[in-house]
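What follows is the content of coords34.cif (mmCIF, C-alpha atoms, pLDDT in the B column; chains and numbers go by the auth columns).
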```cif
data_run
#
loop_
_atom_site.group_PDB
_atom_site.id
_atom_site.type_symbol
_atom_site.label_atom_id
_atom_site.label_comp_id
_atom_site.label_asym_id
_atom_site.label_seq_id
_atom_site.Cartn_x
_atom_site.Cartn_y
_atom_site.Cartn_z
_atom_site.B_iso_or_equiv
_atom_site.auth_seq_id
_atom_site.auth_asym_id
ATOM 1 C CA MET A 1 21.933 36.141 121.109 94.00 1 A
ATOM 2 C CA VAL A 2 23.928 39.116 122.371 95.00 2 A
ATOM 3 C CA TYR A 3 22.695 42.487 121.140 95.00 3 A
ATOM 4 C CA LEU A 4 23.688 46.136 121.036 94.00 4 A
ATOM 5 C CA ILE A 5 20.845 48.641 121.165 93.00 5 A
ATOM 6 C CA LYS A 6 20.917 52.414 120.777 91.00 6 A
ATOM 7 C CA SER A 7 18.303 53.939 123.009 88.00 7 A
ATOM 8 C CA ALA A 8 17.367 57.172 124.709 85.00 8 A
ATOM 9 C CA TYR A 9 15.866 58.240 127.986 84.00 9 A
ATOM 10 C CA LEU A 10 14.757 61.437 129.684 85.00 10 A
ATOM 11 C CA ASP A 11 16.880 62.786 132.515 88.00 11 A
ATOM 12 C CA ASP A 12 15.435 64.426 135.638 92.00 12 A
ATOM 13 C CA ASN A 13 14.900 67.671 133.687 94.00 13 A
ATOM 14 C CA ASP A 14 13.146 65.875 130.798 89.00 14 A
ATOM 15 C CA ASN A 15 16.156 66.315 128.504 91.00 15 A
ATOM 16 C CA PRO A 16 16.681 63.392 126.101 87.00 16 A
ATOM 17 C CA LYS A 17 19.920 61.451 126.607 89.00 17 A
ATOM 18 C CA LYS A 18 21.371 58.771 124.321 89.00 18 A
ATOM 19 C CA CYS A 19 22.703 55.453 125.580 88.00 19 A
ATOM 20 C CA LEU A 20 23.922 52.093 124.319 90.00 20 A
ATOM 21 C CA LYS A 21 22.705 48.854 125.870 90.00 21 A
ATOM 22 C CA ILE A 22 24.379 45.478 125.695 93.00 22 A
ATOM 23 C CA GLY A 23 22.192 42.532 126.540 93.00 23 A
ATOM 24 C CA TYR A 24 21.283 38.930 125.963 95.00 24 A
ATOM 25 C CA ALA A 25 17.997 37.465 124.780 95.00 25 A
ATOM 26 C CA LYS A 26 16.945 34.038 123.564 94.00 26 A
ATOM 27 C CA ASN A 27 14.548 35.754 121.150 94.00 27 A
ATOM 28 C CA ILE A 28 15.706 39.153 119.912 93.00 28 A
ATOM 29 C CA ASP A 29 12.368 39.957 118.253 92.00 29 A
ATOM 30 C CA ASP A 30 10.509 39.521 121.547 92.00 30 A
ATOM 31 C CA ARG A 31 13.163 41.598 123.328 90.00 31 A
ATOM 32 C CA MET A 32 12.795 44.462 120.859 88.00 32 A
ATOM 33 C CA ILE A 33 9.022 44.401 121.291 87.00 33 A
ATOM 34 C CA GLY A 34 9.599 44.677 125.048 85.00 34 A
ATOM 35 C CA TYR A 35 11.911 47.653 124.615 82.00 35 A
ATOM 36 C CA GLY A 36 9.410 49.337 122.321 75.00 36 A
ATOM 37 C CA THR A 37 6.618 48.822 124.822 76.00 37 A
ATOM 38 C CA HIS A 38 8.532 50.237 127.792 72.00 38 A
ATOM 39 C CA ASN A 39 10.456 53.062 126.124 69.00 39 A
ATOM 40 C CA ASN A 40 8.652 56.075 124.751 67.00 40 A
ATOM 41 C CA LEU A 41 11.773 57.234 122.886 72.00 41 A
ATOM 42 C CA THR A 42 13.508 55.683 119.884 80.00 42 A
ATOM 43 C CA VAL A 43 15.123 52.256 120.198 86.00 43 A
ATOM 44 C CA SER A 44 17.353 50.891 117.401 90.00 44 A
ATOM 45 C CA LEU A 45 18.970 47.485 117.115 93.00 45 A
ATOM 46 C CA LEU A 46 22.557 48.105 116.004 95.00 46 A
ATOM 47 C CA LYS A 47 24.144 44.646 116.059 95.00 47 A
ATOM 48 C CA THR A 48 23.545 41.053 117.108 95.00 48 A
ATOM 49 C CA ILE A 49 26.049 38.236 117.510 94.00 49 A
ATOM 50 C CA GLU A 50 25.716 34.619 118.562 94.00 50 A
ATOM 51 C CA GLY A 51 26.440 34.269 122.245 93.00 51 A
ATOM 52 C CA ASP A 52 25.077 33.541 125.688 94.00 52 A
ATOM 53 C CA LEU A 53 24.962 35.180 129.119 93.00 53 A
ATOM 54 C CA PHE A 54 28.683 34.515 129.575 94.00 54 A
ATOM 55 C CA PHE A 55 29.546 36.556 126.469 91.00 55 A
ATOM 56 C CA GLU A 56 27.167 39.303 127.543 93.00 56 A
ATOM 57 C CA SER A 57 28.988 39.568 130.881 93.00 57 A
ATOM 58 C CA LEU A 58 32.349 39.717 129.072 91.00 58 A
ATOM 59 C CA TYR A 59 31.138 42.665 127.003 88.00 59 A
ATOM 60 C CA HIS A 60 29.772 44.433 130.076 87.00 60 A
ATOM 61 C CA ASN A 61 33.074 43.996 131.902 89.00 61 A
ATOM 62 C CA PHE A 62 35.056 45.180 128.880 87.00 62 A
ATOM 63 C CA TYR A 63 33.027 48.364 128.362 80.00 63 A
ATOM 64 C CA ASN A 64 32.523 49.353 132.021 74.00 64 A
#
```

Kindly present the structure from the file in structure tokens form.
Amino acid sequence: MVYLIKSAYLDDNDNPKKCLKIGYAKNIDDRMIGYGTHNNLTVSLLKTIEGDLFFESLYHNFYN
């Protein structure tokens, strides 16, 4: 499953910054739990589509 997540992080001056993350996970529920555990700011799942690592790399190449 390929996913799009809206997340945030703190920059070097502790200012919150927004970001979008494209990724792949076999189990999206487990992946979201992992994001929630390791990110102390808000994480939101925006979209999922059927796909594999190949499709994830296509999206990364398209948006970079």

- Query: Of the candidates A:Phe54, A:Tyr35, A:Tyr63, A:Tyr24, which one gets nearest to Tyr3 (chain A) if we count all atoms listed in the file?
  - Reply: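 Of A:Phe54, A:Tyr35, A:Tyr63, A:Tyr24, the one nearest Tyr3 (chain A) is A:Tyr24, counting all atoms listed in the file.
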
- Message: When the PyMOL selection byres ((chain A and resi 1) around 6) is applied to the structure above, which residues does it catch, written out as JSON, numbers by chain?
- Response: {"A": [2, 24, 25, 26, 49, 50, 51]}

- Point out the residue among A:Asn15, A:Ile5, A:Gly36, A:Gly23 with the least atom-to-atom distance to Phe55 (chain A), counting all atoms listed in the file.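 Result for the nearest residue to Phe55 (chain A): A:Gly23.
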
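Residues in contact range of Cys19 (chain A), defined as at most 12 Å between only C-alpha atoms, with sequence neighbours fewer than 3 positions away removed, read Leu4, Ile5, Lys6, Ser7, Ala8, Tyr9, Leu10, Asp11, Pro16, Ile22, Leu41, Thr42, Val43 and Ser44 of chain A.
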
- Item | Selected residue of minimal separation from Leu20 (chain A) among A:Leu53, A:Gly34, A:Leu58, A:Asn64, counting only C-alpha atoms |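 Of A:Leu53, A:Gly34, A:Leu58, A:Asn64, the one nearest Leu20 (chain A) is A:Asn64, counting only C-alpha atoms.
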
- Task: Please indicate the distance in Å from CA of His38 (chain A) to CA of Phe62 (chain A), rounded to one decimal place.
- Result: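 So the two atoms, CA of His38 (chain A) and CA of Phe62 (chain A), lie 27.0 Å apart.
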
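Between CA of Asn61 (chain A) and CA of Thr37 (chain A) there is a distance of 27.8 Å.
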
How big is the axis-aligned box, and where does its centre sit, when it encloses all atoms of region 2-10 of chain A listed in the file and has 4 Å added on every side, reported in Å to one decimal as AutoDock Vina command-line options?
```
--center_x 19.3 --center_y 50.3 --center_z 125.2 --size_x 17.2 --size_y 30.3 --size_z 16.9
```

- Query: Suppose you want the space between CA of Leu45 (chain A) and CA of Met32 (chain A); what is it in Å?
  - Reply: 7.8 Å
